[in-house]
Amino acid sequence: MAESAAPRVPLASVTPAIALGPLDGRYRGVTAPLVDYLSEAALNRDRTHVEVEWLIHLTSNSVLPGTSPLSEGQQAQLREIVTGFDGASITELAEIEQVTVHDVKAVEYYIGRRLAAIGIENLTALVHFGCTSEDVNNLSYALGVKGAVENVWLPAAHDLVDRITVMAEETRSVPMLSRTHGQPATPTTLGKELAVTAHRLTRQLRRIEKTEYLGKINGATGTYAAHYASVPDADWQQVARSFVEGLGLTWNPLTTQIESHDWQAELYADIARFNRILHNFCTDVWSYISIGYFKQIPVAGATGSSTMPHKVNPIRFENAEANLEISNGLLDTLASTLVTSRWQRDLTDSSSQRNIGVAFGHSVLAISNVAKGLERLDVADDVLAADLDTNWEVLGEAIQMVMRAEAIAGAPGMENPYERLKDLTRGHRVDADRMREFVTGLGLPAEAEARLLGLTPGKYIGIADSLVDHVTK
């Protein structure tokens, strides 16, 4: 009987801790900026921020009888609880939560422990006053998502679109054979096709930049019942609105226990659409690489294949495809899950929202990979030119349209232009000589014939190069 294997070291005990997922392990360097907004620690820091600002807001406006505005020094000390939030804070909160078995209540106690040192221990009861957990959570998530979008995701996305736009400008006049349904079609320019992607992505970025980040602070079922029961003379809607807007969010006046999360669903749908357009771009670039339109610049010391030394694989675009699909899987789930809650409250949103950072992480990782992939591309002008020169049949469209125009102008012998070109070109390779022979035999007016004889596949690009101006201006 074979000896049993020696016991393995449990990797979960290794310091620093071994990550379970790739975003916190292999790709940590790319996704790390999101940690400051969408991690569990960031959520707790934002909860602390909301609770502290709520305490300051209530006292500054003397909402409750017997309270008065805090001194500037006391307000500064309260805010230092947030600005000084660090590893020790995370540990302490975790210890409190082990007792409370409630994350938001742990934050309330964490703040309460610090009030005596500020000289306002008498205000301990004002921490979390009138709040249900969701009052704090919805605002904290809104702040975290807003920060992640505005400070991490959007800058990365804009940088990528700028790179694509620069490439479009640089290649605006490089003719390229189009392929519709995978078959040779009317030529375009490489720059114009890149500009299409830049234009599509830019439209999505504009939608995302207009996102409204909604928030509420109206009690257990959104009725301000506890607020008015305890302080009936306060204008609690105005107190709530000014607080939410003071955090830089948009006030939602009408909710159940939870803020309805519709804004999140809208945002995630827009980001998912950006991801899908980018995924389409990745598959197109991958395909252009495979037919030689782009050459990949080898990275010194890098290995393309463990057995085939000649290979330079389009791994950045393949990696981006996979991460965009994972990101969208999560974003689609979040968008569909978060807009639904049984009656006034269930906890499906709580579990779902813990994955927001993962959804953003895979998108940011994909964006990074596409940017790096584009840096290693060179345009293979010779391949593009050769492909055009072996597909003269694409001029059939131009010839038959000229014949139609001349027929309308009264030129004789221009009957059945489509059918005549179809017989010449469909399923057949037509070289330059055969195409020119066909044109000279049509009996076209001299100017029209000369115009067609001067046309080549590489010149049959319409105004493709000037269309790039729509994204470069």
# chains A, B, ... in the order shown; residues from 1 in each chain; ligands from 1

call {"tool": "select_by_dssp", "arguments": {"residues": "region 116-293 of chain A", "states": "strand (DSSP E)", "output": "ChimeraX atom specification"}}
result
/A:175-180,183-189,214-215,250-251

call {"tool": "residues_around", "arguments": {"residues": "Thr255 (chain A)", "least_positions_apart": "3", "cutoff": "12 Å", "atoms": "only C-alpha atoms", "output": "PyMOL selection string"}}
result
chain A and resi 134-135+138+214-224+251-252+258-262+341+343-345

call {"tool": "closest_residue", "arguments": {"among": "A:Tyr288, A:Glu419, A:Asp389, A:Leu58", "to": "Met401 (chain A)", "atoms": "only C-alpha atoms"}}
result
A:Glu419

call {"tool": "closest_residue", "arguments": {"among": "A:Pro232, A:Gly373, A:Gly144, A:Gly413", "to": "Leu43 (chain A)", "atoms": "only C-alpha atoms"}}
result
A:Gly144

call {"tool": "residues_around", "arguments": {"residues": "Thr31 (chain A)", "least_positions_apart": "5", "cutoff": "7 Å", "atoms": "only C-alpha atoms", "output": "PyMOL selection string"}}
result
chain A and resi 23+361+364-365

call {"tool": "select_by_dssp", "arguments": {"residues": "region 145-291 of chain A", "states": "alpha helix (DSSP H)", "output": "number ranges by chain"}}
result
A: 145-148, 154-170, 190-209, 225-230, 236-246, 262-290

call {"tool": "residues_around", "arguments": {"residues": "Pro445 (chain A)", "least_positions_apart": "4", "cutoff": "12 Å", "atoms": "only C-alpha atoms", "output": "PDB file with all heavy atoms, in the first residue's frame"}}
result
ATOM      1  N   VAL A 402     -22.600  53.738 -61.245  1.00  0.00           N
ATOM      2  CA  VAL A 402     -22.306  54.728 -62.291  1.00  0.00           C
ATOM      3  C   VAL A 402     -23.204  54.484 -63.499  1.00  0.00           C
ATOM      4  O   VAL A 402     -23.757  55.419 -64.097  1.00  0.00           O
ATOM      5  CB  VAL A 402     -20.816  54.678 -62.687  1.00  0.00           C
ATOM      6  CG1 VAL A 402     -20.559  55.521 -63.945  1.00  0.00           C
ATOM      7  CG2 VAL A 402     -19.945  55.182 -61.538  1.00  0.00           C
ATOM      8  N   MET A 403     -23.388  53.219 -63.853  1.00  0.00           N
ATOM      9  CA  MET A 403     -24.270  52.886 -64.986  1.00  0.00           C
ATOM     10  C   MET A 403     -25.699  53.344 -64.711  1.00  0.00           C
ATOM     11  O   MET A 403     -26.375  53.886 -65.593  1.00  0.00           O
ATOM     12  CB  MET A 403     -24.231  51.377 -65.240  1.00  0.00           C
ATOM     13  CG  MET A 403     -22.898  50.871 -65.782  1.00  0.00           C
ATOM     14  SD  MET A 403     -22.858  49.064 -65.925  1.00  0.00           S
ATOM     15  CE  MET A 403     -24.069  48.789 -67.233  1.00  0.00           C
ATOM     16  N   ALA A 405     -26.641  55.824 -62.778  1.00  0.00           N
ATOM     17  CA  ALA A 405     -26.673  57.281 -62.847  1.00  0.00           C
ATOM     18  C   ALA A 405     -26.656  57.765 -64.291  1.00  0.00           C
ATOM     19  O   ALA A 405     -27.383  58.716 -64.652  1.00  0.00           O
ATOM     20  CB  ALA A 405     -25.488  57.864 -62.076  1.00  0.00           C
ATOM     21  N   GLU A 406     -25.824  57.118 -65.138  1.00  0.00           N
ATOM     22  CA  GLU A 406     -25.752  57.526 -66.537  1.00  0.00           C
ATOM     23  C   GLU A 406     -27.033  57.187 -67.285  1.00  0.00           C
ATOM     24  O   GLU A 406     -27.465  57.925 -68.187  1.00  0.00           O
ATOM     25  CB  GLU A 406     -24.547  56.865 -67.209  1.00  0.00           C
ATOM     26  CG  GLU A 406     -23.196  57.344 -66.686  1.00  0.00           C
ATOM     27  CD  GLU A 406     -23.001  58.843 -66.855  1.00  0.00           C
ATOM     28  OE1 GLU A 406     -23.518  59.419 -67.834  1.00  0.00           O
ATOM     29  OE2 GLU A 406     -22.352  59.457 -65.980  1.00  0.00           O
ATOM     30  N   ALA A 407     -27.670  56.065 -66.920  1.00  0.00           N
ATOM     31  CA  ALA A 407     -28.944  55.710 -67.552  1.00  0.00           C
ATOM     32  C   ALA A 407     -29.998  56.766 -67.264  1.00  0.00           C
ATOM     33  O   ALA A 407     -30.776  57.164 -68.148  1.00  0.00           O
ATOM     34  CB  ALA A 407     -29.410  54.339 -67.062  1.00  0.00           C
ATOM     35  N   ALA A 409     -29.383  59.813 -66.660  1.00  0.00           N
ATOM     36  CA  ALA A 409     -28.975  61.020 -67.400  1.00  0.00           C
ATOM     37  C   ALA A 409     -29.225  60.890 -68.896  1.00  0.00           C
ATOM     38  O   ALA A 409     -29.018  61.851 -69.636  1.00  0.00           O
ATOM     39  CB  ALA A 409     -27.507  61.316 -67.131  1.00  0.00           C
ATOM     40  N   GLY A 410     -29.615  59.691 -69.362  1.00  0.00           N
ATOM     41  CA  GLY A 410     -29.965  59.517 -70.768  1.00  0.00           C
ATOM     42  C   GLY A 410     -28.961  58.776 -71.611  1.00  0.00           C
ATOM     43  O   GLY A 410     -29.138  58.653 -72.835  1.00  0.00           O
ATOM     44  N   ALA A 411     -27.876  58.277 -71.014  1.00  0.00           N
ATOM     45  CA  ALA A 411     -26.878  57.541 -71.794  1.00  0.00           C
ATOM     46  C   ALA A 411     -27.473  56.214 -72.258  1.00  0.00           C
ATOM     47  O   ALA A 411     -28.093  55.496 -71.470  1.00  0.00           O
ATOM     48  CB  ALA A 411     -25.621  57.295 -70.959  1.00  0.00           C
ATOM     49  N   PRO A 412     -27.277  55.831 -73.525  1.00  0.00           N
ATOM     50  CA  PRO A 412     -27.824  54.573 -74.030  1.00  0.00           C
ATOM     51  C   PRO A 412     -26.976  53.366 -73.600  1.00  0.00           C
ATOM     52  O   PRO A 412     -25.820  53.510 -73.225  1.00  0.00           O
ATOM     53  CB  PRO A 412     -27.773  54.762 -75.548  1.00  0.00           C
ATOM     54  CG  PRO A 412     -26.613  55.694 -75.760  1.00  0.00           C
ATOM     55  CD  PRO A 412     -26.600  56.622 -74.589  1.00  0.00           C
ATOM     56  N   GLY A 413     -27.578  52.179 -73.669  1.00  0.00           N
ATOM     57  CA  GLY A 413     -26.835  50.938 -73.431  1.00  0.00           C
ATOM     58  C   GLY A 413     -26.527  50.640 -71.984  1.00  0.00           C
ATOM     59  O   GLY A 413     -25.673  49.806 -71.694  1.00  0.00           O
ATOM     60  N   MET A 414     -27.219  51.282 -71.032  1.00  0.00           N
ATOM     61  CA  MET A 414     -26.929  51.099 -69.602  1.00  0.00           C
ATOM     62  C   MET A 414     -27.932  50.162 -68.929  1.00  0.00           C
ATOM     63  O   MET A 414     -28.080  50.160 -67.715  1.00  0.00           O
ATOM     64  CB  MET A 414     -26.939  52.460 -68.891  1.00  0.00           C
ATOM     65  CG  MET A 414     -25.897  53.454 -69.392  1.00  0.00           C
ATOM     66  SD  MET A 414     -24.206  52.926 -69.046  1.00  0.00           S
ATOM     67  CE  MET A 414     -23.621  52.558 -70.699  1.00  0.00           C
ATOM     68  N   VAL A 439     -15.119  47.676 -68.229  1.00  0.00           N
ATOM     69  CA  VAL A 439     -15.521  49.082 -68.189  1.00  0.00           C
ATOM     70  C   VAL A 439     -15.446  49.707 -69.580  1.00  0.00           C
ATOM     71  O   VAL A 439     -16.371  50.417 -70.018  1.00  0.00           O
ATOM     72  CB  VAL A 439     -14.651  49.874 -67.189  1.00  0.00           C
ATOM     73  CG1 VAL A 439     -14.885  51.381 -67.333  1.00  0.00           C
ATOM     74  CG2 VAL A 439     -14.953  49.435 -65.766  1.00  0.00           C
ATOM     75  N   THR A 440     -14.361  49.442 -70.310  1.00  0.00           N
ATOM     76  CA  THR A 440     -14.205  50.059 -71.636  1.00  0.00           C
ATOM     77  C   THR A 440     -15.202  49.508 -72.641  1.00  0.00           C
ATOM     78  O   THR A 440     -15.460  50.145 -73.672  1.00  0.00           O
ATOM     79  CB  THR A 440     -12.777  49.846 -72.166  1.00  0.00           C
ATOM     80  OG1 THR A 440     -12.473  48.441 -72.192  1.00  0.00           O
ATOM     81  CG2 THR A 440     -11.761  50.568 -71.289  1.00  0.00           C
ATOM     82  N   GLY A 441     -15.784  48.369 -72.354  1.00  0.00           N
ATOM     83  CA  GLY A 441     -16.755  47.796 -73.272  1.00  0.00           C
ATOM     84  C   GLY A 441     -18.183  48.196 -72.988  1.00  0.00           C
ATOM     85  O   GLY A 441     -19.098  47.738 -73.683  1.00  0.00           O
ATOM     86  N   GLU A 449     -16.342  56.982 -67.901  1.00  0.00           N
ATOM     87  CA  GLU A 449     -15.409  55.877 -68.132  1.00  0.00           C
ATOM     88  C   GLU A 449     -14.048  56.184 -67.524  1.00  0.00           C
ATOM     89  O   GLU A 449     -13.436  55.335 -66.871  1.00  0.00           O
ATOM     90  CB  GLU A 449     -15.270  55.631 -69.640  1.00  0.00           C
ATOM     91  CG  GLU A 449     -14.313  54.482 -69.956  1.00  0.00           C
ATOM     92  CD  GLU A 449     -14.211  54.224 -71.454  1.00  0.00           C
ATOM     93  OE1 GLU A 449     -15.219  53.772 -72.034  1.00  0.00           O
ATOM     94  OE2 GLU A 449     -13.118  54.471 -72.005  1.00  0.00           O
ATOM     95  N   ALA A 450     -13.574  57.401 -67.695  1.00  0.00           N
ATOM     96  CA  ALA A 450     -12.272  57.779 -67.146  1.00  0.00           C
ATOM     97  C   ALA A 450     -12.283  57.706 -65.619  1.00  0.00           C
ATOM     98  O   ALA A 450     -11.309  57.289 -64.993  1.00  0.00           O
ATOM     99  CB  ALA A 450     -11.903  59.181 -67.613  1.00  0.00           C
ATOM    100  N   ARG A 451     -13.400  58.129 -65.023  1.00  0.00           N
ATOM    101  CA  ARG A 451     -13.523  58.081 -63.565  1.00  0.00           C
ATOM    102  C   ARG A 451     -13.423  56.643 -63.055  1.00  0.00           C
ATOM    103  O   ARG A 451     -12.744  56.368 -62.063  1.00  0.00           O
ATOM    104  CB  ARG A 451     -14.864  58.704 -63.157  1.00  0.00           C
ATOM    105  CG  ARG A 451     -14.987  58.980 -61.677  1.00  0.00           C
ATOM    106  CD  ARG A 451     -16.238  59.757 -61.308  1.00  0.00           C
ATOM    107  NE  ARG A 451     -17.035  60.251 -62.381  1.00  0.00           N
ATOM    108  CZ  ARG A 451     -18.307  59.898 -62.603  1.00  0.00           C
ATOM    109  NH1 ARG A 451     -18.897  59.022 -61.801  1.00  0.00           N
ATOM    110  NH2 ARG A 451     -18.991  60.411 -63.616  1.00  0.00           N
ATOM    111  N   LEU A 452     -14.068  55.718 -63.749  1.00  0.00           N
ATOM    112  CA  LEU A 452     -14.023  54.318 -63.326  1.00  0.00           C
ATOM    113  C   LEU A 452     -12.672  53.683 -63.604  1.00  0.00           C
ATOM    114  O   LEU A 452     -12.187  52.875 -62.809  1.00  0.00           O
ATOM    115  CB  LEU A 452     -15.129  53.532 -64.015  1.00  0.00           C
ATOM    116  CG  LEU A 452     -16.550  53.775 -63.501  1.00  0.00           C
ATOM    117  CD1 LEU A 452     -17.557  53.007 -64.345  1.00  0.00           C
ATOM    118  CD2 LEU A 452     -16.679  53.381 -62.036  1.00  0.00           C
TER     119      LEU A 452
END

call {"tool": "atom_distance", "arguments": {"atom1": "CA of Asn391 (chain A)", "atom2": "CA of Leu421 (chain A)"}}
result
14.3 Å

call {"tool": "closest_residue", "arguments": {"among": "A:Val383, A:Leu395, A:Val471, A:Ala157", "to": "Val174 (chain A)", "atoms": "only C-alpha atoms"}}
result
A:Val383

call {"tool": "residues_around", "arguments": {"residues": "Asn275 (chain A)", "least_positions_apart": "2", "cutoff": "8 Å", "atoms": "only C-alpha atoms", "output": "VMD selection string"}}
result
chain A and resid 271 to 273 277 to 279 324 328 363

call {"tool": "residues_around", "arguments": {"residues": "Arg113 (chain A)", "least_positions_apart": "5", "cutoff": "9 Å", "atoms": "only C-alpha atoms", "output": "list in words"}}
result
Glu108, Glu121 and Thr124 of chain A

call {"tool": "closest_residue", "arguments": {"among": "A:Tyr27, A:Tyr141, A:Phe360, A:Trp286", "to": "Glu325 (chain A)", "atoms": "only C-alpha atoms"}}
result
A:Phe360
